[in-house]
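Visitor: This is the structure, below, for whatever I ask next.
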Amino acid sequence: MSSKRKRRRPPQRDSLAARAEKYDLYQRSVQTPYLDAAFFVRVFKKTFGRPPRTLREDFCAAAHLSCAWVESHRENRAYGFDLDSEPLAWGLEHNAGDLSLEQQSRLHLEVGNALAVREPKVDMVAAFNFSYCVFKARKELLAYFHAARKNLRREGLFFLDVMGGPESQVEITDRRRIGGFSYVWEQEYFDAITGEIRCSISFRFRDGSVLKKPFRYDWRLWTIPELRDIAAEAGFRDFAVYWEGTESDTGEGNGAYTRREHAENCDSWVAIIVCRK
């Protein structure tokens with residue numbers, strides 16, 4: 001038996017994936033909170049003739065939208081709720097931590113259930129990034145719509161986004177290059193009978209490393225007609241669909257939303273629903 005010891009290899013430098021912050025990558029890939037805040041103001045002022053000042057962000061995760069809201073005007077207040085304490089803690093450190101002390105005083109983040117009714121009532125409730133799709137049964141989603149309505153002031157709006165199109169119902173992988181990494185969206189399963197869909201997000205880096213599926217989703221894919229019926233049953237007076245425009249050269253969404261009564265069912269689309277109390 002040889003007495004020679006194997007030479008240890010020097011430790012390799014951490015990969016880009018190992019050093020990445022998953023919530024930071026998500027925010028850079030998916031969210032546009034300042035554009036969303038501007039959209040809220042535009043629609044609310046057109047509806048009620050005054051600017052909104054209070055926002056409740058349900059399923060807020062790291063509260064990127066809530067932080068952008070309080071930063072966008074000195075009178076704005078935001079209330080963010082999520083059942084998961086991990087993204088909330090990250091958001092408190094990184095998103096809220098970038099705000100001034102005065103801005104932080106107008107931000108209220110809490111581990112809490114979106115179905116809960118709380119004071120104070122707000123001008124707007126938002127459930128973005130398709131987060132409400134965790135409710136798979138109609139009675140569950142109806143209960144959430146009832147809660148959202150009760151959390152609104154007399155003049156209030158409820159905002160949520162919705163996705164659809166033939167590509168939303170098939171197994172597909174979508175990749176987008178963003179700075180020094182690629183965002184990878186995978187639709188892994190769709191049930192044609194129940195409408196259940198399973199998706200995930202991964203991130204790939206220029207050194208070849210991969211942050212594999214740090215975000216996984218088990219949802220029901222709701223349609224606009226279903227959401228319209230549920231909103232009416234929950235007591236909302238008006239249900240408006242704001243359809244995303246497309247870039248003329250690529251056909252990709254351009255982030256600009258206009259109210260529409262009818263729209264072509266393109267391969268993949270995103271819209272914003274606005275319900276008036």
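Letters A, B, ... go to the chains of the structure tokens in the order shown; residues in each chain start at 1; ligands are counted from 1 in the same order.
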Can you pull out every residue from stretch 2-195 of chain A that DSSP, working from the backbone, puts in alpha helix (DSSP H), and format the result as a ChimeraX atom specification?
Guide: /A:16-19,22-30,33-48,64-72,85-94,101-104,138-150
Visitor: Identify all residues of stretch 71-269 of chain A in strand (DSSP E) (DSSP on the backbone) and supply them as a ChimeraX atom specification.
Guide: /A:77-82,107-111,122-127,152-164,172-178,181-190,196-205,210-220,238-246,253-260,269
Visitor: Which residues are close to A:Tyr144, i.e. within 10 Å by only C-alpha atoms, leaving aside same-chain residues fewer than 5 positions away? Reply as a compact mmCIF listing (two decimals) with N, CA, C and O atoms, in the first residue's frame.
Guide:
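Dumped everything to out.txt:
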```txt
# COMPACT_ATOMS: atom_id res chain seq x y z
N ALA A 114 -53.48 36.74 2.99
CA ALA A 114 -54.18 37.66 2.08
C ALA A 114 -55.70 37.62 2.27
O ALA A 114 -56.40 38.55 1.88
N LEU A 115 -56.21 36.57 2.89
CA LEU A 115 -57.65 36.45 3.12
C LEU A 115 -58.13 37.27 4.32
O LEU A 115 -59.33 37.42 4.53
N ALA A 116 -57.19 37.79 5.09
CA ALA A 116 -57.55 38.54 6.29
C ALA A 116 -58.02 39.95 5.93
O ALA A 116 -57.51 40.57 5.00
N VAL A 117 -58.99 40.45 6.68
CA VAL A 117 -59.47 41.82 6.53
C VAL A 117 -58.88 42.64 7.66
O VAL A 117 -58.97 42.27 8.83
N TYR A 132 -52.41 35.12 -6.98
CA TYR A 132 -53.71 34.63 -6.55
C TYR A 132 -54.03 33.26 -7.15
O TYR A 132 -54.99 32.59 -6.72
N PHE A 135 -54.93 29.89 -5.39
CA PHE A 135 -56.29 29.45 -5.07
C PHE A 135 -56.83 28.66 -6.26
O PHE A 135 -57.15 29.22 -7.30
N ARG A 138 -62.82 27.55 -6.95
CA ARG A 138 -63.54 28.79 -7.18
C ARG A 138 -63.97 29.44 -5.86
O ARG A 138 -63.88 30.66 -5.70
N LYS A 139 -64.41 28.63 -4.89
CA LYS A 139 -64.87 29.20 -3.62
C LYS A 139 -63.71 29.87 -2.88
O LYS A 139 -63.93 30.86 -2.16
N ARG A 149 -62.13 43.22 -1.57
CA ARG A 149 -63.14 44.29 -1.61
C ARG A 149 -63.33 44.92 -0.24
O ARG A 149 -63.45 46.15 -0.11
N LYS A 150 -63.38 44.09 0.80
CA LYS A 150 -63.58 44.61 2.15
C LYS A 150 -62.39 45.44 2.63
O LYS A 150 -62.55 46.30 3.50
N ILE A 230 -66.41 35.99 -11.03
CA ILE A 230 -66.10 35.98 -9.61
C ILE A 230 -66.12 37.39 -9.04
O ILE A 230 -66.63 37.63 -7.93
N ALA A 234 -68.51 38.81 -6.07
CA ALA A 234 -67.93 39.40 -4.87
C ALA A 234 -68.42 40.82 -4.62
O ALA A 234 -68.14 41.39 -3.56
```
Visitor: Please provide as a list in words all residues within 10 Å of A:Asp238, with the sequence filter that same-chain residues fewer than 5 positions apart are discarded (counting only C-alpha atoms).
Guide: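 Here the answer would be Leu157, Arg228, Ala231, Ala232, Val274, Cys275, Arg276 and Lys277 of chain A.
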Visitor: What gap, in Å, lies between atom CA of A:Ile201 and atom CA of A:Ala256?
Guide: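 Calculated distance between atom CA of A:Ile201 and atom CA of A:Ala256 is 24.0 Å.
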Visitor: So that I can check the surroundings of A:Gln27, please list as a PDB file with all heavy atoms, in the first residue's frame every protein, DNA and RNA residue that reaches within 12 Å of it, counting only C-alpha atoms and ignoring chain neighbours fewer than 5 positions away.
Guide:
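This is the output file part_16.pdb:
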```pdb
ATOM      1  N   GLU A  21     -28.153  36.171  -5.505  1.00  0.00           N
ATOM      2  CA  GLU A  21     -29.298  36.356  -4.608  1.00  0.00           C
ATOM      3  C   GLU A  21     -30.558  36.101  -5.430  1.00  0.00           C
ATOM      4  O   GLU A  21     -30.874  36.852  -6.352  1.00  0.00           O
ATOM      5  CB  GLU A  21     -29.325  37.787  -4.062  1.00  0.00           C
ATOM      6  CG  GLU A  21     -28.202  38.101  -3.098  1.00  0.00           C
ATOM      7  CD  GLU A  21     -28.572  37.715  -1.674  1.00  0.00           C
ATOM      8  OE1 GLU A  21     -29.643  37.079  -1.490  1.00  0.00           O
ATOM      9  OE2 GLU A  21     -27.798  38.032  -0.758  1.00  0.00           O
ATOM     10  N   LYS A  22     -31.292  35.049  -5.098  1.00  0.00           N
ATOM     11  CA  LYS A  22     -32.415  34.661  -5.944  1.00  0.00           C
ATOM     12  C   LYS A  22     -33.508  35.730  -6.012  1.00  0.00           C
ATOM     13  O   LYS A  22     -34.134  35.923  -7.065  1.00  0.00           O
ATOM     14  CB  LYS A  22     -33.007  33.330  -5.484  1.00  0.00           C
ATOM     15  CG  LYS A  22     -33.651  33.343  -4.104  1.00  0.00           C
ATOM     16  CD  LYS A  22     -34.215  31.964  -3.764  1.00  0.00           C
ATOM     17  CE  LYS A  22     -34.910  31.955  -2.415  1.00  0.00           C
ATOM     18  NZ  LYS A  22     -35.470  30.615  -2.089  1.00  0.00           N
ATOM     19  N   THR A  32     -41.535  45.249 -12.525  1.00  0.00           N
ATOM     20  CA  THR A  32     -41.361  46.644 -12.955  1.00  0.00           C
ATOM     21  C   THR A  32     -42.181  47.529 -12.003  1.00  0.00           C
ATOM     22  O   THR A  32     -43.185  48.106 -12.390  1.00  0.00           O
ATOM     23  CB  THR A  32     -41.831  46.841 -14.405  1.00  0.00           C
ATOM     24  OG1 THR A  32     -43.202  46.373 -14.526  1.00  0.00           O
ATOM     25  CG2 THR A  32     -40.955  46.068 -15.379  1.00  0.00           C
ATOM     26  N   PRO A  33     -41.783  47.634 -10.739  1.00  0.00           N
ATOM     27  CA  PRO A  33     -42.643  48.251  -9.723  1.00  0.00           C
ATOM     28  C   PRO A  33     -42.922  49.728  -9.949  1.00  0.00           C
ATOM     29  O   PRO A  33     -44.023  50.203  -9.627  1.00  0.00           O
ATOM     30  CB  PRO A  33     -41.875  48.022  -8.427  1.00  0.00           C
ATOM     31  CG  PRO A  33     -40.454  47.869  -8.848  1.00  0.00           C
ATOM     32  CD  PRO A  33     -40.512  47.165 -10.166  1.00  0.00           C
ATOM     33  N   TYR A  34     -41.974  50.470 -10.498  1.00  0.00           N
ATOM     34  CA  TYR A  34     -42.220  51.899 -10.709  1.00  0.00           C
ATOM     35  C   TYR A  34     -43.194  52.135 -11.868  1.00  0.00           C
ATOM     36  O   TYR A  34     -44.022  53.045 -11.818  1.00  0.00           O
ATOM     37  CB  TYR A  34     -40.894  52.633 -10.928  1.00  0.00           C
ATOM     38  CG  TYR A  34     -39.988  52.538  -9.720  1.00  0.00           C
ATOM     39  CD1 TYR A  34     -38.987  51.570  -9.649  1.00  0.00           C
ATOM     40  CD2 TYR A  34     -40.162  53.377  -8.624  1.00  0.00           C
ATOM     41  CE1 TYR A  34     -38.175  51.452  -8.527  1.00  0.00           C
ATOM     42  CE2 TYR A  34     -39.361  53.273  -7.494  1.00  0.00           C
ATOM     43  CZ  TYR A  34     -38.373  52.298  -7.456  1.00  0.00           C
ATOM     44  OH  TYR A  34     -37.577  52.173  -6.341  1.00  0.00           O
ATOM     45  N   CYS A  60     -46.924  39.700  -1.150  1.00  0.00           N
ATOM     46  CA  CYS A  60     -45.938  40.724  -1.511  1.00  0.00           C
ATOM     47  C   CYS A  60     -44.522  40.196  -1.654  1.00  0.00           C
ATOM     48  O   CYS A  60     -43.659  40.887  -2.206  1.00  0.00           O
ATOM     49  CB  CYS A  60     -45.958  41.867  -0.498  1.00  0.00           C
ATOM     50  SG  CYS A  60     -45.311  41.435   1.133  1.00  0.00           S
ATOM     51  N   ALA A  61     -44.219  38.991  -1.120  1.00  0.00           N
ATOM     52  CA  ALA A  61     -42.859  38.424  -1.192  1.00  0.00           C
ATOM     53  C   ALA A  61     -41.864  39.422  -0.599  1.00  0.00           C
ATOM     54  O   ALA A  61     -41.967  39.781   0.565  1.00  0.00           O
ATOM     55  CB  ALA A  61     -42.509  38.020  -2.608  1.00  0.00           C
ATOM     56  N   ALA A  62     -40.915  39.924  -1.415  1.00  0.00           N
ATOM     57  CA  ALA A  62     -39.907  40.856  -0.904  1.00  0.00           C
ATOM     58  C   ALA A  62     -40.364  42.308  -0.934  1.00  0.00           C
ATOM     59  O   ALA A  62     -39.564  43.221  -0.696  1.00  0.00           O
ATOM     60  CB  ALA A  62     -38.610  40.698  -1.691  1.00  0.00           C
ATOM     61  N   ALA A  63     -41.642  42.538  -1.243  1.00  0.00           N
ATOM     62  CA  ALA A  63     -42.263  43.866  -1.145  1.00  0.00           C
ATOM     63  C   ALA A  63     -41.615  44.908  -2.042  1.00  0.00           C
ATOM     64  O   ALA A  63     -41.560  46.090  -1.696  1.00  0.00           O
ATOM     65  CB  ALA A  63     -42.271  44.341   0.307  1.00  0.00           C
ATOM     66  N   HIS A  64     -41.165  44.495  -3.209  1.00  0.00           N
ATOM     67  CA  HIS A  64     -40.544  45.433  -4.148  1.00  0.00           C
ATOM     68  C   HIS A  64     -41.534  46.511  -4.569  1.00  0.00           C
ATOM     69  O   HIS A  64     -41.188  47.703  -4.643  1.00  0.00           O
ATOM     70  CB  HIS A  64     -40.048  44.651  -5.365  1.00  0.00           C
ATOM     71  CG  HIS A  64     -39.029  45.344  -6.188  1.00  0.00           C
ATOM     72  ND1 HIS A  64     -38.242  46.373  -5.715  1.00  0.00           N
ATOM     73  CD2 HIS A  64     -38.646  45.154  -7.492  1.00  0.00           C
ATOM     74  CE1 HIS A  64     -37.434  46.790  -6.670  1.00  0.00           C
ATOM     75  NE2 HIS A  64     -37.660  46.079  -7.747  1.00  0.00           N
ATOM     76  N   LEU A  65     -42.773  46.110  -4.833  1.00  0.00           N
ATOM     77  CA  LEU A  65     -43.797  47.065  -5.251  1.00  0.00           C
ATOM     78  C   LEU A  65     -44.153  48.019  -4.123  1.00  0.00           C
ATOM     79  O   LEU A  65     -44.286  49.233  -4.338  1.00  0.00           O
ATOM     80  CB  LEU A  65     -45.035  46.301  -5.729  1.00  0.00           C
ATOM     81  CG  LEU A  65     -46.256  47.140  -6.115  1.00  0.00           C
ATOM     82  CD1 LEU A  65     -45.925  48.141  -7.216  1.00  0.00           C
ATOM     83  CD2 LEU A  65     -47.401  46.221  -6.566  1.00  0.00           C
ATOM     84  N   PRO A  87     -38.843  35.673   2.142  1.00  0.00           N
ATOM     85  CA  PRO A  87     -38.728  36.809   1.230  1.00  0.00           C
ATOM     86  C   PRO A  87     -39.013  38.148   1.904  1.00  0.00           C
ATOM     87  O   PRO A  87     -38.415  39.167   1.546  1.00  0.00           O
ATOM     88  CB  PRO A  87     -39.760  36.504   0.140  1.00  0.00           C
ATOM     89  CG  PRO A  87     -40.698  35.532   0.750  1.00  0.00           C
ATOM     90  CD  PRO A  87     -39.890  34.731   1.711  1.00  0.00           C
ATOM     91  N   GLY A  91     -36.611  41.311   1.802  1.00  0.00           N
ATOM     92  CA  GLY A  91     -37.104  42.607   1.356  1.00  0.00           C
ATOM     93  C   GLY A  91     -36.892  43.706   2.370  1.00  0.00           C
ATOM     94  O   GLY A  91     -36.570  44.845   2.015  1.00  0.00           O
ATOM     95  N   HIS A  94     -33.032  44.478   2.027  1.00  0.00           N
ATOM     96  CA  HIS A  94     -32.506  44.981   0.757  1.00  0.00           C
ATOM     97  C   HIS A  94     -33.391  46.024   0.082  1.00  0.00           C
ATOM     98  O   HIS A  94     -32.878  46.991  -0.484  1.00  0.00           O
ATOM     99  CB  HIS A  94     -32.273  43.811  -0.206  1.00  0.00           C
ATOM    100  CG  HIS A  94     -31.227  42.860   0.242  1.00  0.00           C
ATOM    101  ND1 HIS A  94     -31.510  41.790   1.060  1.00  0.00           N
ATOM    102  CD2 HIS A  94     -29.902  42.811  -0.005  1.00  0.00           C
ATOM    103  CE1 HIS A  94     -30.405  41.122   1.304  1.00  0.00           C
ATOM    104  NE2 HIS A  94     -29.410  41.702   0.688  1.00  0.00           N
ATOM    105  N   ASN A  95     -34.713  45.852   0.103  1.00  0.00           N
ATOM    106  CA  ASN A  95     -35.595  46.828  -0.534  1.00  0.00           C
ATOM    107  C   ASN A  95     -35.945  47.965   0.417  1.00  0.00           C
ATOM    108  O   ASN A  95     -35.711  49.138   0.115  1.00  0.00           O
ATOM    109  CB  ASN A  95     -36.863  46.138  -1.045  1.00  0.00           C
ATOM    110  CG  ASN A  95     -36.598  45.201  -2.216  1.00  0.00           C
ATOM    111  OD1 ASN A  95     -35.662  45.404  -2.986  1.00  0.00           O
ATOM    112  ND2 ASN A  95     -37.416  44.174  -2.362  1.00  0.00           N
ATOM    113  N   ASN A 129     -48.063  39.284 -10.275  1.00  0.00           N
ATOM    114  CA  ASN A 129     -47.238  38.102 -10.565  1.00  0.00           C
ATOM    115  C   ASN A 129     -48.054  36.816 -10.451  1.00  0.00           C
ATOM    116  O   ASN A 129     -47.523  35.762 -10.091  1.00  0.00           O
ATOM    117  CB  ASN A 129     -46.006  38.054  -9.663  1.00  0.00           C
ATOM    118  CG  ASN A 129     -45.173  39.312  -9.778  1.00  0.00           C
ATOM    119  OD1 ASN A 129     -44.831  39.737 -10.865  1.00  0.00           O
ATOM    120  ND2 ASN A 129     -44.870  39.922  -8.639  1.00  0.00           N
ATOM    121  N   ILE A 178     -30.699  38.744 -19.593  1.00  0.00           N
ATOM    122  CA  ILE A 178     -30.844  39.955 -18.785  1.00  0.00           C
ATOM    123  C   ILE A 178     -29.491  40.262 -18.166  1.00  0.00           C
ATOM    124  O   ILE A 178     -29.087  39.617 -17.193  1.00  0.00           O
ATOM    125  CB  ILE A 178     -31.912  39.774 -17.686  1.00  0.00           C
ATOM    126  CG1 ILE A 178     -33.255  39.382 -18.305  1.00  0.00           C
ATOM    127  CG2 ILE A 178     -32.045  41.038 -16.846  1.00  0.00           C
ATOM    128  CD1 ILE A 178     -34.297  38.985 -17.296  1.00  0.00           C
ATOM    129  N   TYR A 183     -32.711  34.411 -17.742  1.00  0.00           N
ATOM    130  CA  TYR A 183     -33.924  34.025 -17.014  1.00  0.00           C
ATOM    131  C   TYR A 183     -34.597  32.901 -17.796  1.00  0.00           C
ATOM    132  O   TYR A 183     -34.809  33.016 -19.009  1.00  0.00           O
ATOM    133  CB  TYR A 183     -34.826  35.252 -16.892  1.00  0.00           C
ATOM    134  CG  TYR A 183     -36.280  34.992 -16.575  1.00  0.00           C
ATOM    135  CD1 TYR A 183     -36.713  34.893 -15.260  1.00  0.00           C
ATOM    136  CD2 TYR A 183     -37.235  34.888 -17.597  1.00  0.00           C
ATOM    137  CE1 TYR A 183     -38.053  34.697 -14.966  1.00  0.00           C
ATOM    138  CE2 TYR A 183     -38.577  34.695 -17.315  1.00  0.00           C
ATOM    139  CZ  TYR A 183     -38.977  34.595 -15.999  1.00  0.00           C
ATOM    140  OH  TYR A 183     -40.297  34.394 -15.707  1.00  0.00           O
TER     141      TYR A 183
END
```
Visitor: Any idea what's packed within 8 Å of stretch 36-53 of chain A, counting only C-alpha atoms, ignoring anything in its chain fewer than 6 positions away? Could you give it as a ChimeraX atom specification?
Guide: /A:65,68-69,72,75-77,123-124,155,157
